[in-house]
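Following: one structure in structure tokens, then a few remarks.
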Amino acid sequence: MIGPLVGQGFITAVNLYAEVSGTGDAPAALAQGLSPLDGILVPTFGAYDLAVTLLFPFVAIRLVSAEKESGALKLMLQAPFNVGASMAAKGLVIVIAWLIAWIPGLIGLVLWKSYGGHLYAPETLNLLTGHLIRVVLSAGVAVAAAAMSTGAASAAIITLGFTVGTWALEFLAAWRGGLIQKLATYTPTAALRSFEQGQFRLATLLVIIIFGVGGFALASVWLPTGRSWLRRAVGTAVVLVAIAAAGTGASTIRSTWDLSENQHNSFPPADRAALSKIREPLHIKVYLAPDDPRLTDLERGIIEKLRVILPRVDVDYAAQSTSGLFEGQEDHYGEVWYDLSGRSVMSRSTTEPIVLETLYELAGIQQPEPTDDKPYPGYPLAARPKNAALIFYALWPLTILVGWWLNYKLRSR
């Protein structure tokens, strides 16, 4: 099913990219904003995010549930059998299968290059890394659910509940801030989003891998049928404590790299050097509702970039509603307060130059002179997805059917 899903995403992305690039003799609209990462790679591989959310967990669940329901697990436990080694082997098989499932996506990249499209290797590899750790987490949750439940149906419900729970956590974090917001940055959707934006966060990578491997460790605790409930409870507690400790330690790592070609996740080099002189914690109080587009601009354009440079950035979301429509004038709606070492300053702007000027004034740092950096050129391309429909909608399903038939004939001999 991945082939047609990827094909749909790729064909739609190429057509939209061509329209924005200017078909025929029409010029490109805002050529500097035409990035293959946002326009082609993310939509094409978005099919894999859909698959890993709604389809792939059932594949991982079956690896465990089929052995439990058929009785094969009991026979294996009677032999010299290492549960941990078995789960490691299953994890390796799952990763290899997922890499094979990348073939349609890689075909899309080859087609894009054949049309004359541009690809920037660091941001492309970074996106693939995000999708890889996404499947490690999904597999860990699915395998743990299959080991702890009585059947595949129950495991599927648990896995779906976990997915919905992460969505709810992101929704709450949109206006709560604090610990909830920090936890929400490690949900599957939020973690993948950072890689889609061209950021490589070492903390996100390690935390997701820790949670994914932790799921396999939980499965190793629950799979042996002869263990008492007390041993399982103790083993579960030990694994959860280890996951929490390792995850907490990994989350403190601040190493972040902007691998996007247009460097839209970073301040200019001169500003980064100037802001790195600030060693005190920065507290930001925001009177903007979650639905206000200015809050999105502030978070992506200012706060996320500051967190990479400054030692500590605390954000307090002080708006009282989710839309800001019914905020009173006395509630200071629209204000953003910056506090540094007891000094405070207010600004209503969420644009980068004005906010940076405000921070320099607050910190008593001389604002660096603007540099003549070469702007990102953008890569407009008015190409059509030639032969893509034939490959993804016909040749790919036909190849799968022929492979299945050959495998069936070999096994039936």
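Ordering of the structure tokens sets the chain letters (A, B, ...), residue numbers begin anew at 1 in every chain, and ligands are numbered from 1 in the order given.
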Which of region 127-324 of chain A fall in alpha helix (DSSP H), as a VMD selection string: chain A and resid 127 to 148 152 to 176 178 to 184 188 to 196 202 to 222 229 to 251 269 to 275 293 to 298 304 to 309
Could you give me, as JSON lines, a per-residue list for region 205-306 of chain A showing, wherever an atom lies at most 10 Å from an atom of region 126-142 of chain A, the closest pair of atoms and their distance in Å to one decimal, using only C-alpha atoms and sorting by chain then residue number from low to high?
```
{"residue": "A:Leu205", "atom": "CA", "partner": "A:Ile133", "partner_atom": "CA", "distance": 7.1}
{"residue": "A:Leu206", "atom": "CA", "partner": "A:Ile133", "partner_atom": "CA", "distance": 9.2}
{"residue": "A:Val207", "atom": "CA", "partner": "A:Leu137", "partner_atom": "CA", "distance": 9.7}
{"residue": "A:Ile208", "atom": "CA", "partner": "A:Leu137", "partner_atom": "CA", "distance": 6.1}
{"residue": "A:Ile209", "atom": "CA", "partner": "A:Ile133", "partner_atom": "CA", "distance": 6.3}
{"residue": "A:Ile210", "atom": "CA", "partner": "A:Leu137", "partner_atom": "CA", "distance": 8.4}
{"residue": "A:Phe211", "atom": "CA", "partner": "A:Leu137", "partner_atom": "CA", "distance": 6.3}
{"residue": "A:Gly212", "atom": "CA", "partner": "A:Leu137", "partner_atom": "CA", "distance": 3.9}
{"residue": "A:Val213", "atom": "CA", "partner": "A:Gly140", "partner_atom": "CA", "distance": 6.1}
{"residue": "A:Gly214", "atom": "CA", "partner": "A:Gly140", "partner_atom": "CA", "distance": 6.9}
{"residue": "A:Gly215", "atom": "CA", "partner": "A:Gly140", "partner_atom": "CA", "distance": 4.1}
{"residue": "A:Phe216", "atom": "CA", "partner": "A:Gly140", "partner_atom": "CA", "distance": 5.3}
{"residue": "A:Ala217", "atom": "CA", "partner": "A:Gly140", "partner_atom": "CA", "distance": 8.5}
{"residue": "A:Leu218", "atom": "CA", "partner": "A:Gly140", "partner_atom": "CA", "distance": 8.8}
{"residue": "A:Ala219", "atom": "CA", "partner": "A:Gly140", "partner_atom": "CA", "distance": 8.5}
{"residue": "A:Asp258", "atom": "CA", "partner": "A:Asn126", "partner_atom": "CA", "distance": 9.9}
{"residue": "A:Leu259", "atom": "CA", "partner": "A:Asn126", "partner_atom": "CA", "distance": 7.3}
{"residue": "A:Ser260", "atom": "CA", "partner": "A:Asn126", "partner_atom": "CA", "distance": 8.9}
```
Find the residues near Gln367 (chain A): any atom within 10 Å, counting only C-alpha atoms, skip ones fewer than 2 places away on the same chain, and give them as a CSV table (one decimal) with N, CA and C atoms, in the first residue's frame.
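Full text of around_22.csv as output:
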```
chain,number,residue,atom,x,y,z
A,270,ALA,N,26.3,36.5,12.7
A,270,ALA,CA,26.7,37.6,13.5
A,270,ALA,C,25.7,37.7,14.7
A,271,ASP,N,24.5,37.5,14.6
A,271,ASP,CA,23.5,37.5,15.7
A,271,ASP,C,23.7,36.4,16.6
A,274,ALA,N,26.6,37.2,18.8
A,274,ALA,CA,26.3,38.2,19.8
A,274,ALA,C,25.4,37.7,20.9
A,275,LEU,N,24.4,36.9,20.5
A,275,LEU,CA,23.5,36.3,21.5
A,275,LEU,C,24.2,35.3,22.4
A,356,LEU,N,15.0,40.9,18.0
A,356,LEU,CA,16.5,40.9,18.3
A,356,LEU,C,17.0,42.3,18.8
A,357,GLU,N,16.4,43.3,18.2
A,357,GLU,CA,16.8,44.7,18.7
A,357,GLU,C,16.4,44.8,20.2
A,358,THR,N,15.2,44.3,20.5
A,358,THR,CA,14.7,44.4,21.9
A,358,THR,C,15.6,43.6,22.8
A,359,LEU,N,16.0,42.4,22.4
A,359,LEU,CA,16.9,41.6,23.3
A,359,LEU,C,18.2,42.2,23.5
A,360,TYR,N,18.8,42.8,22.4
A,360,TYR,CA,20.1,43.4,22.6
A,360,TYR,C,20.0,44.6,23.5
A,361,GLU,N,18.9,45.4,23.4
A,361,GLU,CA,18.7,46.5,24.4
A,361,GLU,C,18.6,46.0,25.8
A,364,GLY,N,22.0,44.7,27.1
A,364,GLY,CA,23.1,45.7,27.0
A,364,GLY,C,24.2,45.3,26.1
A,365,ILE,N,23.8,44.6,25.0
A,365,ILE,CA,24.8,44.2,24.0
A,365,ILE,C,24.6,45.0,22.7
A,369,GLU,N,26.5,44.7,13.2
A,369,GLU,CA,26.2,45.3,11.9
A,369,GLU,C,25.7,44.2,10.9
A,370,PRO,N,24.7,44.5,10.1
A,370,PRO,CA,24.2,43.5,9.2
A,370,PRO,C,25.2,43.2,8.1
```
Residue among A:Glu335, A:Asp38, A:Glu299, A:Glu69 lying closest to Tyr379 (chain A), counting only C-alpha atoms: A:Asp38
Computed interatomic separation between CA of Val402 (chain A) and CA of Trp112 (chain A) (Å): 26.7 Å
Selected residue of minimal separation from Ala146 (chain A) among A:Ser228, A:Thr296, A:Thr159, A:Ser266, counting only C-alpha atoms: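 Of the candidates, the smallest distance to Ala146 (chain A) is held by A:Thr159.
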All residues 8 Å or closer to Tyr115 (chain A), only C-alpha atoms, same chain fewer than 4 positions away omitted, as a PyMOL selection string: chain A and resi 111+383-385
DSSP strand (DSSP E) selection over region 129-276 of chain A, as a PyMOL selection string: chain A and resi 199-201+256-258
d(CA of Met76 (chain A), CA of Ala152 (chain A)) in Å: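 Taking CA of Met76 (chain A) and CA of Ala152 (chain A), their separation equals 19.4 Å.
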